[in-house]
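Chemist: One structure is given below, represented as structure tokens, and several questions about it will come after.
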2 protein chains.
Amino acid sequence: MTAPLRIALAGLGTVGAGVIRLLEANGELIAARAGRRLQVTAVCARERNKDRGIDLSPYAWEDDMTALAARDDVDAVVELVGGSDGPALTLARNALSGGKQLVTANKAMIAHHGMELAALAEERGVALKYEAAVAGGIPVIKGLGEGAAANRIERIYGILNGTCNYILSQMESTGADFGDVLKAAQELGYAEADPTFDIEGVDAAHKLSILAALAFGTALDFGAVETSGISRISAADIAQADALGHVIRLVGIADLQEEGGEPRLFQRVQPVLVAKGHPLAAVDGPTNAVVAEGNFVGRLMFEGRGAGDGPTASAVVADLIDIARGNVTAPFSLPVSALQAVAPADPGQRVNRAYIRFSVADRPGVLAEISAAMRDAGVSIESLIQQGHPDDGSGDPVLVAMVTHDGPESAISSAVELLDGSPSLIEPPLVMRLLA
Amino acid sequence: MTAPLRIALAGLGTVGAGVIRLLEANGELIAARAGRRLQVTAVCARERNKDRGIDLSPYAWEDDMTALAARDDVDAVVELVGGSDGPALTLARNALSGGKQLVTANKAMIAHHGMELAALAEERGVALKYEAAVAGGIPVIKGLGEGAAANRIERIYGILNGTCNYILSQMESTGADFGDVLKAAQELGYAEADPTFDIEGVDAAHKLSILAALAFGTALDFGAVETSGISRISAADIAQADALGHVIRLVGIADLQEEGGEPRLFQRVQPVLVAKGHPLAAVDGPTNAVVAEGNFVGRLMFEGRGAGDGPTASAVVADLIDIARGNVTAPFSLPVSALQAVAPADPGQRVNRAYIRFSVADRPGVLAEISAAMRDAGVSIESLIQQGHPDDGSGDPVLVAMVTHDGPESAISSAVELLDGSPSLIEPPLVMRLLA
């Protein structure tokens with residue numbers, strides 16, 4: 001058997017401790033599969049003496065991550081520190097520059113600095129692997145970059161944030177409103193104390209930008225991801241979607257569209273209505289799922305647990321096994337120089353059906369005003385549901401929800417603009433698309 | 001860029017032609033991803049002049065597969081001839097012995113001779129890859145052998161035959177009986193003229209035995225797969241399952257169980273009742289799906305098209321890209337010498353809920369007879385549905401369907417034995433398990 005792969009682990013939170021537990025539990029099996037042992041030689045974290053339920057005595061301790069990355073007895077560095085910049089990025093740069101293989105679970109860092117790090121890895125001839133950064137334990141980076149490598153990928157989309165999916169599924173099954181479900185999710189540990197990155201779609205946007213680069217061979221462009229979250233979705237929206245045969249899911253979608261003969265990269269994270277017969281509609285709770293559509297393979301779906309110490313550790317160690325086996329692919333499947341910078345798409349020309357929900361004042365003429373705006377903007381309405389009576393004189397806000405026929409997104413934007421500032425609307429309309 | 005990977009293609013049926021079309025359509029992209037061109041140099045098939053819709057003039061023609069495998073201008077041989085033995089096996093042996101990389105879509109050959117071929121590949125230091133042999137375009141061999149490699153796999157199961165899944169989904173949506181749906185499927189090309197291998201579960205059993213070896217590190221043991229097909233399933237069974245909140249799917253299941261402290265390999269292909277909330281219940285039509293349960297990653301599911309020229313070609317070319325990149329893993333993830341021969345499990349001790357359907361004669365005392373047999377065998381009945389009236393004197397056969405509580409399979413077998421030869425039963429009872 002070859003010499004062990006010697007590993008330095010930076011960050012000993014739940015995932016770092018999970019990696020150590022996994023290597024202890026499955027070490028023999030992993031050594032047999034990898035053809036050599038995976039041996040942690042050194043670790044580093046902020047606090048040395050915290051109780052993590054694991055014995056750190058077999059591993060050298062470093063207080064300083066720069067020293068960790070520079071150790072002679074380390075072949076591969078695992079970065080589990082987190083944060084797009086700061087210490088994590090410094091460590092990643094140091095490790096790669098020093099000729100160490102790098103494995104990371106850090107989606108924010110890859111989304112912001114993946115191109116720079118990939119170029120550095122390529123220059124030094126070492127691996128940059130990040131399976132754990134997207135969709136937790138699901139081997140979707142491998143599935144796309146290797147399993148589907150024979151295909152031109154036409155579209156990629158999926159449920160990329162377990163917190164949002166848990167909240168939406170709970171709203172669905174309990175009928176409760178967003179705020180109550182979020183609070184319960186926080187108590188259960190399914191949502192962070194500050195849930196902004198999750199519920200506003202930023203976390204999903206990090207992952208989507210990575211998937212898009214890998215799928216389309218385009219330069220990473222996190223800044224161009226159009227992002228909206230789930231905090232405005234109400235129990236009434238869930239109920240309306242249900243009545244229409246749909247569920248609501250936060251979905252990241254990316255594709256390449258053509259504008260004037262030039263490719264344009266479309267990247268969006270948004271809540272969408274998913275027909276109940278679609279495979280994504282069955283994805284409940286904190287599960288993640290990614291769908292890739294290839295020009296020969298058709299529709300592929302990868303589903304599993306998108307977070308948690310076990311699944312994330314599984315993905316980190318899978319990357320280490322690949323490195324130990326010598327199976328290393330370019331980080332984004334192509335050489336960095338081949339990743340094409342593509343301008344963001346103009347979503348206005350995209351054609352789809354939309355769900356638009358208005359909260360309107362209880363007064364006469366509101367429906368006529370909304371209908372006129374739709375007509376003037378050229379939006380064709382397929383169905384309209386109204387909850388409560390706008391003209392009943394009670395003064396309570398009333399919900400008007402409609403589904404449009406297929407039409408360009410620009411028409412909907414125009415309609416919304418026409419209604420901007422109308423005293424009839426209690427809040428701006430909520431627009432969601434139906435997943436095609 | 002490195003020298004091209006030179007490929008010989010044996011077999012030019014729909015999949016072989018698909019591989020050529022794929023390499024033509026996506027050749028530039030594949031070369032960029034693989035770091036070198038994938039170049040077909042020679043081909044071989046039974047008939048040279050058949051119209052396949054592709055231009056064969058760029059490729060050298062060989063009438064003889066032995067000559068094909070021996071060519072100096074070939075690095076990798078793609079075997080798409082089919083059949084577990086005969087010419088396909090001879091070609092595979094010749095190619096590997098001659099130091100060529102081998103890619104195959106041949107599930108029957110791998111199920112029967114995978115160990116021998118893997119040993120030969122290991123000895124010659126070449127690849128044996130067979131992603132296309134299991135679940136068509138879905139990268140499940142890669143997903144298990146690499147993506148989930150950090151895990152002890154506890155169970156693997158899935159929908160492995162698209163023909164059966166299409167037939168069962170059609171029975172579900174139309175209410176038609178097996179024979180009629182099969183005939184329609186044959187007309188549409190979803191089922192072969194001789195559908196035996198598909199509908200009797202043999203094709204799924206080939207795939208299951210391969211997945212089991214890969215997942216558990218056990219020696220391939222196709223002969224030990226307990227197999228039953230779908231031809232006895234009636235429209236009434238589908239309706240009963242529906243009333244119970246289930247759908248019927250042909251599922252292959254494998255796990256390692258312990259008997260007297262020794263591991264035993266359980267492998268079974270059978271129609272099972274799948275609760276409508278389970279991800280496999282949403283898998284409709286000719287789609288395949290494979291679920292793997294790992295001790296750290298939890299439940300992973302891979303879903304996509306299980307057959308057809310495009311998906312199968314996608315898997316074949318993914319294997320070729322891996323070879324071109326130099327990313328080659330042991331065929332069954334472990335060295336052949338580490339694959340452990342494990343005796344088949346005794347299913348009698350397995351505990352699960354069962355659906356049992358009787359077609360009984362229309363005469364008095366039948367229900368009492370069945371109930372007595374269940375009681376005497378220790379089978380506890382959870383619910384019982386009877387369709388038609390056994391005592392109404394019409395003489396028509398009557399359906400009695402029951403679902404048992406959790407209990408050992410041996411008890412059900414005893415009950416069925418007690419009823420064996422009873423003049424009350426028009427045919428032997430149909431026993432299906434509920435997927436847990």
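Chain labels run A, B, ... following the order of the structure tokens; each chain numbers its residues from 1, and ligands are numbered from 1 in the order shown.
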For chain A, list the residues within 8 Å of chain B, counting only C-alpha atoms, and write the list as a PyMOL selection string.
Modeler: chain A and resi 22+26+29-30+32-33+137-139+142-143+146-152+277+279+282-283+296-305+310-315+317-318+321-322+325-329+333-335+338
Chemist: Neighbours of A:Ser173 within 12 Å (only C-alpha atoms; same-chain residues fewer than 3 positions away dropped), as JSON, numbers by chain?
Modeler: {"A": [166, 167, 168, 169, 170, 176, 177, 181, 235, 238, 239, 242, 247, 284, 285]}
Chemist: Measuring between only C-alpha atoms, which one of B:Leu220, B:Leu38, B:Ile210, B:Val78 shows the shortest distance to B:Met115?
Modeler: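 Selected residue with least distance to B:Met115: B:Leu220.
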Chemist: According to DSSP computed on the backbone, where in stretch 74-305 of chain B is there strand (DSSP E or B)? Give the residues as a ChimeraX atom specification.
Modeler: /B:76-79,101-104,128-129,153-159,218,226-227,246-259,262-275,287-294,298-305
Chemist: Excluding same-chain residues fewer than 4 positions from A:Met109, what lies within 10 Å of it counting only C-alpha atoms, as a PyMOL selection string?
Modeler: chain A and resi 82-86+88-89+92+104-105+113-114+117+133+206
Chemist: Among stretch 76-181 of chain B, which residues does DSSP mark as helix (DSSP H, G or I) when it is run on the backbone? Keep the chain and numbering as in the structure and answer as an NGL selection string.
Modeler: :B and (86-97 or 107-124 or 131-133 or 140-147 or 162-174 or 178-181)
Chemist: Excluding stretch 404-412 of chain A and any residue of its chain fewer than 2 positions from it, enumerate the residues within 10 Å of it, using only C-alpha atoms, and give them as number ranges by chain.
Modeler: A: 346-356, 373-384, 402, 414-418, 431, 433-434
